[in-house]
Structure formats: C-alpha cells, structure tokens
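Just below is one structure, and these are the notes that go with it.
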Amino acid sequence: MNNGQNSAIQVEGIQKSFGSQYALRKIGFKLEQGEFLTIFGPNGAGKTTLIRILSTLTKASAGDFTISGISPQKEPEKIRRQIGVIGHQTFLYEDLTAAENLRFYGRLYDVENLAAKIEQILEDVGLGLRENDRVRTFSRGMQQRLSIARAMLHEPQLLLLDEPYTGLDQHASEMLSGWLKDLRLKNRTTLMVTHDIERGIDLADRVAILVKGKLVYNEQRKNIDLKNFRQTYYDYVEKGGAN
Amino acid sequence: MSKIAAILWKDLLSEFRSKEMVISMMVFSLMVAVIFNFSFPPGSEFIKDAASGILWMTFIFASLLGMGRSFVYEVDKGCMQGLMLAPVDRIVIYVAKLLLNLIFILIVESITLPLFSIFFKLDIWTDLGAIALVIFVSSLGFAVIGTLFSAIAVNTKTREVMLPILHFPISIPVIICAVQATSAIFQGEAWSVIWGWTRLIIMFDVVFFIVAFWTFEFIIEE
C-alpha cells in the first residue's frame, strides 16, 4: 500500500481466521487525520479482533493496513508509539499505586516531563487525591478512569477504543465523552467499537456496522438520522450482514 | 536498557508488596533442607557424595516454583497486552523477566546454601568463589530456559505441570554439569576439573539464550 501516507488509518482487505472460522472478512476502510469513526456491531461481530489487529497485538491472516503511512510489518514500534488503546481490560498492576502504574507506562513510552504529566492527568481523571493508593483498592470505575489516563499519557495520535464505557459510572462516562470531544478538537484520530448506539453516534464523524466479520455499512454521520439508524442497525444484525 | 529497568522495577516492586514468589520458593527450599537433614545419620560419609545432588534438586524445584509465576500475573490480569502494546522490542520483555527470575533464584540460593552447609556440615567457605561462580552460571541457565518456557506454559490450562515437563528435558545438560561441578568442589578436586564443567554450563547458557532471543517473539505473539 503506497497511498496510505495521507490517511490516519488505511485498511485494505483485512481478514482474520481461526482455523476454518472467519472473524473478519475482507475489511476495508480509510480514516483521515482527526476523524472519529464508530463501528457498531453485536457480540461476536469481530470488533475486538479488528482493534487487536490495528493495535499490532494480532497479525491479520490476509490483507494489510497502515497507520499514518507506517506499515506494522516494517515499523511496529513506531506504530505502537502513536496508538493509545482502551479495552475491556485495564492493563493496570493492582499492587502498584496509580502514580506508579503511570510512571511505569510513561517510562516504556519515553514520556518527557513524566512527573508533571502524571500529576496533571491524574487530576484530569479525578484521581489526584488517590495517586498514592494501590490500584487494588480502586473500584472498577476508578480503574477504568486510570486506564484512560494510561492510554492518554503519551499523547497518542490515534486512539483505539474497545467498549470504553464498560464499567464507568454516569459521571465518568460523561468525563470520557468530554475528553473524546476535546481530542477531536486537537485533530486526534479515534476509532471506537461499541454496541452503545447513543454514545457512539454522538461522538462520530463516520459510522460503520460490523456483522459476522463483514463491514456492511459505512456512512458519514451527517447523513444519518438517529431514529432510522437504530432500525438500520437492527436490520443488519438480524439478517446477519446479508443486506 | 531503560525499558528493561522499567519492567524489572515494576516486577520487583509488585513482588516486594505481594511476596508471592520469593516466599514460596524460600519455604520449599527450607523444607527440603530440613527433611534431608533428618534423612541421613549425622556425620555420614554418604552426605558428601549426595550433597551436591540434593542441593541442586532443591534449587531447581524452588526455581521452577518462582519462574512459573513470572508471567501469570501479566496474563491473568491482561497486563501482557499492555506490555505488548508498548513501543518496546519483545526481547526487552524477555530480558527483564529473565533478570527478575535470576534475582529471585539467587536470593533463595544465597539463603539456602549456608543452611545446607550447617545441616550437612559442608565447607562452602574455602572455595566460596568457585561455588558462587558455578551457582551463578547454572542459575542463569535455568532462568534462560525457564523464562522462555514459562511464557509458553502460562497460556496452557495445565501451566503448573507444563513448566517442569518442558524445562527438565532441556535443562538436563546444565543440571548434570552443575551437580558435577559442585560435587568436585565439595570433594576438593582440582580447579581444572571444576572449570571444565563450568565452561560447559556457560556454553549451554549462551546457546539457550540465542534460542530464546530468536523464538521469544513468536511465543508471546499468537
């Protein structure tokens, strides 16, 4: 792929199979710098597999992709430096404090002015007063907030979000939505997979639907009516992507 | 190097607080030392012949207890993905875990060895330098193999059983050389004999590290 330099993400024909079972079938899309793409899909649609491939955790069985024109085969570490991932799991160490967890990840990402950034980001996620408390004493929602801080600490150009609202209370969910809107203003690119239609639509510039490993729908947000979209989504899910 | 230090610091701090690995290794070593102490009559000549074998059996099983845990937390809590998402070469993760295992093994050995010398009335102080060298290079060999295999075993259902099954056949050359070298020291044999066995252990360490260097990335990725 030579024409991926101008796109934040360019995906061409990605497939992933586990034995004879296909998790993803010839997925292709393009995301420009600063765009926010939400991919909806039911359980087992392949959403997490797609995030794992784009974050270089898993290799695709076929197809290729670039992130800011960088190939994961040639420069995986360069790609990882540009990505922040928030997933089902927090990637946090329970025996370390909030600040120690961030210090650890900050050192792995060579974050400059680390101490000041940790202090600031902990304030931002509302954990400033708990910085020296061990993560095992945190509620699920607090851990998720710290996980958001971990993913944002190195100021990634691309955020990959896998059901980021899972486990968050109302306040934390609104905080996350606010952050994601701020990131759009800072021209950061975001790809979120979720089955939460309201939140997903609210943030997106573009919306796609993934069903049984196939990207069956890909449309600009401005062309979508929320009421109709809900029905469209259910239709695709019920028909198993056969539309 | 700073990435290796960061991972090592994180693991040491976690272990310092949870004390899961070192305590279990230490308790096992002490139990073996005490049990064998009561198995032989005091002053028995047989002890001198058997001591090196008992000592290394203790070290090896204690090492396996600890090394088996080295990736468990990362995998069970999903932190392995956090490490793999970071812009670090996979071998950095391996080397950090290898150093962690080596440190814990050496800590346990440095406490167990004097106890063995008391229980079995062995003179470890005359040739302490030689004993330290043999223990270090042998422990390095166990850690090099054990760290690699614990990364494999941790993803299997029978992880506790899998590590010894994978580890023992491959580490037999190191075990034999370690027992022979230690036995030569306890028997007061010439340095050339001790060095002959030690050189072999160093050779195995290098070969095993090269294998680990080339294979670790494939092991931790799908």
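Letters A, B, ... mark the chains of the structure tokens in the order given; residue numbers begin at 1 per chain; ligand numbers begin at 1, in order shown.
The list of chain B residues within 9 Å of chain A is Ser2, Lys3, Ile4, Ala6, Ile7, Trp9, Lys10, Leu13, Ser14, Glu15, Arg17, Ser18, Tyr73, Glu74, Lys77, Gly78, Cys79, Met80, Gln81, Gly82, Leu83, Met84, Leu85, Ala86, Pro87, Val88, Asp89, Glu221 and Glu222 of chain B; this uses only C-alpha atoms.
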**Request:** Taking the chain letters and numbering used in this document, name the residues of region 13-158 of chain A that DSSP puts in strand (DSSP E), as a ChimeraX atom specification.
**Result:** /A:13-18,21-32,36-40,62-67,83-86,158
All residues 12 Å or closer to Gly188 (chain B), only C-alpha atoms, same chain fewer than 4 positions away omitted, as an mmCIF file with N, CA and C atoms, in the first residue's frame:
```cif
data_model
loop_
_atom_site.group_PDB
_atom_site.id
_atom_site.type_symbol
_atom_site.label_atom_id
_atom_site.label_comp_id
_atom_site.auth_asym_id
_atom_site.auth_seq_id
_atom_site.Cartn_x
_atom_site.Cartn_y
_atom_site.Cartn_z
ATOM 1 N N LYS B 48 28.397 -36.358 51.823
ATOM 2 C CA LYS B 48 29.305 -35.612 50.944
ATOM 3 C C LYS B 48 29.060 -35.957 49.477
ATOM 4 N N ASP B 49 28.753 -37.239 49.215
ATOM 5 C CA ASP B 49 28.507 -37.662 47.828
ATOM 6 C C ASP B 49 27.155 -37.163 47.334
ATOM 7 N N LEU B 122 28.925 -29.080 55.492
ATOM 8 C CA LEU B 122 29.727 -28.914 54.273
ATOM 9 C C LEU B 122 30.535 -27.630 54.375
ATOM 10 N N ASP B 123 31.774 -27.686 53.894
ATOM 11 C CA ASP B 123 32.606 -26.479 53.905
ATOM 12 C C ASP B 123 32.382 -25.723 52.592
ATOM 13 N N ILE B 124 31.632 -24.659 52.678
ATOM 14 C CA ILE B 124 31.391 -23.871 51.457
ATOM 15 C C ILE B 124 32.277 -22.627 51.426
ATOM 16 N N THR B 126 35.739 -22.305 51.976
ATOM 17 C CA THR B 126 37.094 -22.401 51.409
ATOM 18 C C THR B 126 37.083 -22.062 49.921
ATOM 19 N N ASP B 127 36.118 -22.639 49.214
ATOM 20 C CA ASP B 127 36.030 -22.401 47.760
ATOM 21 C C ASP B 127 34.782 -21.588 47.420
ATOM 22 N N ALA B 130 34.462 -20.284 43.809
ATOM 23 C CA ALA B 130 34.124 -21.307 42.813
ATOM 24 C C ALA B 130 32.654 -21.706 42.936
ATOM 25 N N ILE B 131 32.190 -21.874 44.167
ATOM 26 C CA ILE B 131 30.781 -22.244 44.374
ATOM 27 C C ILE B 131 29.864 -21.141 43.825
ATOM 28 N N ALA B 181 30.086 -30.150 38.893
ATOM 29 C CA ALA B 181 30.999 -29.073 39.305
ATOM 30 C C ALA B 181 30.930 -28.866 40.818
ATOM 31 N N THR B 182 29.727 -28.878 41.370
ATOM 32 C CA THR B 182 29.572 -28.672 42.818
ATOM 33 C C THR B 182 30.160 -29.848 43.588
ATOM 34 N N SER B 183 29.935 -31.035 43.078
ATOM 35 C CA SER B 183 30.491 -32.228 43.716
ATOM 36 C C SER B 183 32.024 -32.167 43.721
ATOM 37 N N ALA B 184 32.582 -31.709 42.602
ATOM 38 C CA ALA B 184 34.047 -31.574 42.508
ATOM 39 C C ALA B 184 34.559 -30.584 43.557
ATOM 40 N N SER B 192 40.890 -27.269 37.581
ATOM 41 C CA SER B 192 40.709 -27.601 36.159
ATOM 42 C C SER B 192 39.452 -28.467 35.961
ATOM 43 N N VAL B 193 39.200 -29.348 36.923
ATOM 44 C CA VAL B 193 38.005 -30.209 36.821
ATOM 45 C C VAL B 193 36.745 -29.348 36.971
ATOM 46 N N ILE B 194 36.776 -28.475 37.983
ATOM 47 C CA ILE B 194 35.611 -27.600 38.244
ATOM 48 C C ILE B 194 35.367 -26.699 37.036
#
```
**Asked** So what do you get for CA of Thr38 (chain A) versus CA of Gln15 (chain A), distance-wise?
**Response** 19.5 Å
**Message:** Env of Val207 (chain A): 9 Å cut, atoms = only C-alpha atoms, seq-sep filter 4 positions within chain, self excluded. Answer as an MDAnalysis selection string.
**Reply:** chainID A and resid 36:40 200:201 217:221 224
Taking N, CA and C atoms for each residue, export the selection above as a JSON list (two decimals), in the first residue's frame.
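And here is the file that came out, selection_37.json:
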```json
[["chain", "number", "residue", "atom", "x", "y", "z"],
["A", 36, "PHE", "N", -13.38, 10.75, 13.59],
["A", 36, "PHE", "CA", -13.83, 9.83, 14.64],
["A", 36, "PHE", "C", -14.76, 8.81, 14.00],
["A", 37, "LEU", "N", -14.32, 7.58, 13.98],
["A", 37, "LEU", "CA", -15.13, 6.50, 13.39],
["A", 37, "LEU", "C", -15.65, 5.61, 14.51],
["A", 38, "THR", "N", -16.97, 5.42, 14.51],
["A", 38, "THR", "CA", -17.55, 4.45, 15.45],
["A", 38, "THR", "C", -18.01, 3.24, 14.66],
["A", 39, "ILE", "N", -17.57, 2.08, 15.11],
["A", 39, "ILE", "CA", -18.02, 0.84, 14.47],
["A", 39, "ILE", "C", -18.94, 0.12, 15.46],
["A", 40, "PHE", "N", -20.18, -0.07, 15.03],
["A", 40, "PHE", "CA", -21.15, -0.80, 15.85],
["A", 40, "PHE", "C", -21.18, -2.26, 15.41],
["A", 200, "GLY", "N", -22.08, 6.25, 20.75],
["A", 200, "GLY", "CA", -21.27, 6.06, 19.55],
["A", 200, "GLY", "C", -21.61, 7.07, 18.47],
["A", 201, "ILE", "N", -22.91, 7.28, 18.25],
["A", 201, "ILE", "CA", -23.38, 8.23, 17.23],
["A", 201, "ILE", "C", -23.03, 9.65, 17.62],
["A", 217, "TYR", "N", -21.80, -1.59, 6.48],
["A", 217, "TYR", "CA", -22.36, -0.24, 6.41],
["A", 217, "TYR", "C", -21.26, 0.73, 6.77],
["A", 218, "ASN", "N", -21.14, 1.83, 6.03],
["A", 218, "ASN", "CA", -20.10, 2.83, 6.32],
["A", 218, "ASN", "C", -20.61, 4.17, 5.78],
["A", 219, "GLU", "N", -20.96, 5.09, 6.66],
["A", 219, "GLU", "CA", -21.65, 6.31, 6.24],
["A", 219, "GLU", "C", -21.18, 7.51, 7.06],
["A", 220, "GLN", "N", -21.20, 8.68, 6.46],
["A", 220, "GLN", "CA", -20.91, 9.92, 7.18],
["A", 220, "GLN", "C", -22.00, 10.16, 8.23],
["A", 221, "ARG", "N", -21.61, 10.63, 9.39],
["A", 221, "ARG", "CA", -22.58, 10.87, 10.47],
["A", 221, "ARG", "C", -23.65, 11.87, 10.05],
["A", 224, "ILE", "N", -26.84, 10.62, 8.61],
["A", 224, "ILE", "CA", -27.58, 9.60, 9.37],
["A", 224, "ILE", "C", -28.61, 10.24, 10.29]]
```
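The coordinates place CA of Gly141 (chain A) at 20.7 Å from CA of Ile197 (chain A).
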**Item:** Contact residues around Ile201 (chain B) with only C-alpha atoms at 7 Å, ignoring same-chain residues under 2 positions, as a VMD selection string
**Value:** chain B and resid 137 to 138 174 177 197 to 199 203 to 205
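CA of Ala99 (chain A) is found 13.2 Å from CA of Arg136 (chain A).
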**Request:** Name the residues of region 9-167 of chain B that come out as helix (DSSP H, G or I) in a backbone DSSP run; write them as a PyMOL selection string.
**Result:** chain B and resi 9-18+20-39+46-67+72-76+79-85+90-119+128-153+159-167
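With only C-alpha atoms as the atoms that count, the residue of B:Leu65, B:Ile220, B:Ala96, B:Ala132 with the shortest distance to Pro164 (chain B) is B:Leu65.
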**Message:** I'd like the contact shell of Lys16 (chain A) - 8 Å cut-off, only C-alpha atoms, skipping same-chain residues fewer than 5 positions apart - returned as a PyMOL selection string.
**Reply:** chain A and resi 22-25+49+60-62
Those same residues - N, CA, C and O atoms - I'd like them written as a PDB file, in the first residue's frame.
```pdb
ATOM      1  N   TYR A  22     -14.007 -17.650  10.277  1.00  0.00           N
ATOM      2  CA  TYR A  22     -13.573 -16.300   9.909  1.00  0.00           C
ATOM      3  C   TYR A  22     -14.089 -15.292  10.931  1.00  0.00           C
ATOM      4  O   TYR A  22     -15.295 -15.177  11.147  1.00  0.00           O
ATOM      5  N   ALA A  23     -13.179 -14.539  11.545  1.00  0.00           N
ATOM      6  CA  ALA A  23     -13.566 -13.462  12.482  1.00  0.00           C
ATOM      7  C   ALA A  23     -13.734 -12.155  11.720  1.00  0.00           C
ATOM      8  O   ALA A  23     -14.578 -11.329  12.072  1.00  0.00           O
ATOM      9  N   LEU A  24     -12.930 -11.950  10.697  1.00  0.00           N
ATOM     10  CA  LEU A  24     -13.029 -10.756   9.847  1.00  0.00           C
ATOM     11  C   LEU A  24     -12.919 -11.174   8.393  1.00  0.00           C
ATOM     12  O   LEU A  24     -12.089 -12.027   8.047  1.00  0.00           O
ATOM     13  N   ARG A  25     -13.759 -10.557   7.540  1.00  0.00           N
ATOM     14  CA  ARG A  25     -13.765 -10.923   6.109  1.00  0.00           C
ATOM     15  C   ARG A  25     -13.556  -9.676   5.263  1.00  0.00           C
ATOM     16  O   ARG A  25     -14.449  -8.841   5.171  1.00  0.00           O
ATOM     17  N   THR A  49     -11.413  -8.140  17.585  1.00  0.00           N
ATOM     18  CA  THR A  49     -10.357  -8.679  16.709  1.00  0.00           C
ATOM     19  C   THR A  49      -9.786  -7.573  15.823  1.00  0.00           C
ATOM     20  O   THR A  49      -8.566  -7.488  15.634  1.00  0.00           O
ATOM     21  N   ALA A  60      -3.013 -10.034  11.020  1.00  0.00           N
ATOM     22  CA  ALA A  60      -4.118 -10.415  10.139  1.00  0.00           C
ATOM     23  C   ALA A  60      -3.717 -11.647   9.336  1.00  0.00           C
ATOM     24  O   ALA A  60      -2.541 -11.844   9.027  1.00  0.00           O
ATOM     25  N   SER A  61      -4.721 -12.478   9.014  1.00  0.00           N
ATOM     26  CA  SER A  61      -4.441 -13.661   8.182  1.00  0.00           C
ATOM     27  C   SER A  61      -4.178 -13.239   6.738  1.00  0.00           C
ATOM     28  O   SER A  61      -3.416 -13.878   6.023  1.00  0.00           O
ATOM     29  N   ALA A  62      -4.834 -12.160   6.304  1.00  0.00           N
ATOM     30  CA  ALA A  62      -4.627 -11.630   4.953  1.00  0.00           C
ATOM     31  C   ALA A  62      -4.964 -10.141   4.970  1.00  0.00           C
ATOM     32  O   ALA A  62      -5.594  -9.648   5.905  1.00  0.00           O
TER      33      ALA A  62
END
```
**Asked** Nearest to Ile165 (chain B): which of B:Ala50, B:Leu12, B:Phe186, B:Gly68 is it, counting only C-alpha atoms?
**Response** B:Gly68
